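Taking it in order: structure first as structure tokens, then the write-up.
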Amino acid sequence: AESWSMDFDASMPVKLLRHTSSVDQDSHGGDGLGGQVWPGAVALAEFVLPYCHGKRVLELGAGTGYCGLCVSLVANHVIMTDQFLDLLAHNVAKSNFSNVTIRYCLWNDDYIYDKTDFFDVILGAELTPMIDGHEALAKEILRRFMQSSKTSSSSRAFLTAAPCSSSLSSSDSSTFTKDTITCRCATHHFIKTAIQTGLSVNHCHTNIPIPANILNLDRTFDDGLDFVWILELGLSLSFSLEQNA
């Protein structure tokens, strides 16, 4: 596994939702993106809490561990994964939560992982801005759905995404197909990639607010907006039938 620098910005902690603990940040390590808490991670943590009660949760691209640690307060167990583990391990150890595990994960790579694991909920905060990673991310989610399908038939994934200026709204999510998406933004590129991979977009939750009064967030890429989209993904019925034929 690749490593973060150990120069954590302990002076820039971000407090967990509904808890006194906080996570530290690292503005210098890893790929230069996952070492800070983005607004989408806070919005996702707040939004998915009701879906995570008593559930087994997997977080992809966990970065600082902020979102996974927030939902661990209500989940049965949370496995947080990333390509860079030092900062994540630091924050998990700092939290002292007993129902959290961290693991190395490079999306869609042939790494060794426990194929017996199953997950009710898969989370991804701010993973879609970089188009180059969309195919690997979609295939990783698909792999985890297939892995969980024997045990948890209703597994679903929640990913934050940048709001799009097109007229699509949450009521339009049932019309998402690879042929009807013409917008070229990163969000719709991921949606199209996900559908082509074998995933379904069950719902596009628009205008999800970023909780106010959370200090020290990295707002470099949010264009000053105070809301995000959250994509709710599932396993495509046609793909599932095809695999079971």
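Chain lettering (A, B, ...) mirrors the order of the structure tokens, residue numbering begins at 1 for each chain separately, and ligand numbering begins at 1 in order of display.
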Give me every helix (DSSP H, G or I) residue in stretch 27-220 of chain A, going by DSSP on the backbone, as an MDAnalysis selection string.
chainID A and resid 39:51 66:71 86:95 131:148 170:175 186:197
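Interatomic distance, atom CA of A:Gln83 to atom CA of A:Phe145: 19.9 Å.
Taking stretch 66-200 of chain A and asking which residues DSSP calls strand (DSSP E) on the backbone, you get His77, Val78, Ile79, Met80, Thr81, Asp82, Val100, Thr101, Ile102, Arg103, Tyr104, Val121, Ile122, Leu123, Gly124, Arg156, Ala157, Phe158, Leu159, Thr160, Ala161, Leu199 and Ser200 of chain A.
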Excluding same-chain residues fewer than 5 positions from A:Phe227, what lies within 7 Å of it counting only C-alpha atoms, as a count of residues only?
4
What lies within 6 Å of stretch 56-72 of chain A using only C-alpha atoms, ignoring chain neighbours under 3 positions off, as a ChimeraX atom specification?
/A:16,34-35,41,45,49,75-82,88,119-124
Expected file contents, prior selection, C-alpha atoms, as a PDB file, in the first residue's frame:
ATOM      1  CA  LEU A  16     -17.553  14.578  13.703  1.00  0.00           C
ATOM      2  CA  GLY A  34      -7.964  12.647   0.178  1.00  0.00           C
ATOM      3  CA  GLY A  35      -6.091  14.190   3.090  1.00  0.00           C
ATOM      4  CA  ALA A  41     -18.266  14.007   3.107  1.00  0.00           C
ATOM      5  CA  ALA A  45     -22.580  11.446   6.558  1.00  0.00           C
ATOM      6  CA  LEU A  49     -27.204   7.999   8.962  1.00  0.00           C
ATOM      7  CA  ALA A  75     -23.757   1.105  12.118  1.00  0.00           C
ATOM      8  CA  ASN A  76     -23.065  -2.476  13.159  1.00  0.00           C
ATOM      9  CA  HIS A  77     -19.632  -2.409  11.529  1.00  0.00           C
ATOM     10  CA  VAL A  78     -17.806  -0.071   9.135  1.00  0.00           C
ATOM     11  CA  ILE A  79     -14.945  -1.085   6.865  1.00  0.00           C
ATOM     12  CA  MET A  80     -13.116   1.964   5.508  1.00  0.00           C
ATOM     13  CA  THR A  81     -10.848   1.496   2.514  1.00  0.00           C
ATOM     14  CA  ASP A  82      -8.310   3.633   0.719  1.00  0.00           C
ATOM     15  CA  LEU A  88      -6.918   6.931   7.973  1.00  0.00           C
ATOM     16  CA  PHE A 119     -22.186  -4.955   2.860  1.00  0.00           C
ATOM     17  CA  ASP A 120     -25.641  -3.457   3.189  1.00  0.00           C
ATOM     18  CA  VAL A 121     -24.451   0.049   2.353  1.00  0.00           C
ATOM     19  CA  ILE A 122     -21.515   1.320   0.279  1.00  0.00           C
ATOM     20  CA  LEU A 123     -20.411   4.949   0.658  1.00  0.00           C
ATOM     21  CA  GLY A 124     -18.270   7.237  -1.461  1.00  0.00           C
TER      22      GLY A 124
END
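Take atom CA of A:Leu85 and atom CA of A:Ser149: the distance between them is 27.5 Å.
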Taking only C-alpha atoms into account, name the residue in A:Gln36, A:Lys94, A:Leu231, A:Asp132 that is nearest to A:Ser22.
A:Lys94
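Residues surrounding A:Leu142 within 8 Å are Ala138, Lys139, Phe145, Met146, Thr197, Gly198, Leu199 and Leu235 of chain A [only C-alpha atoms; sequence separation below 3 positions excluded].
Proximity of A:Arg143, A:Val92, A:Leu159, A:Thr187 to A:Met130, computed with only C-alpha atoms, is greatest for A:Thr187.
Going from atom CA of A:Ala136 over to atom CA of A:His188, you cover 15.8 Å.
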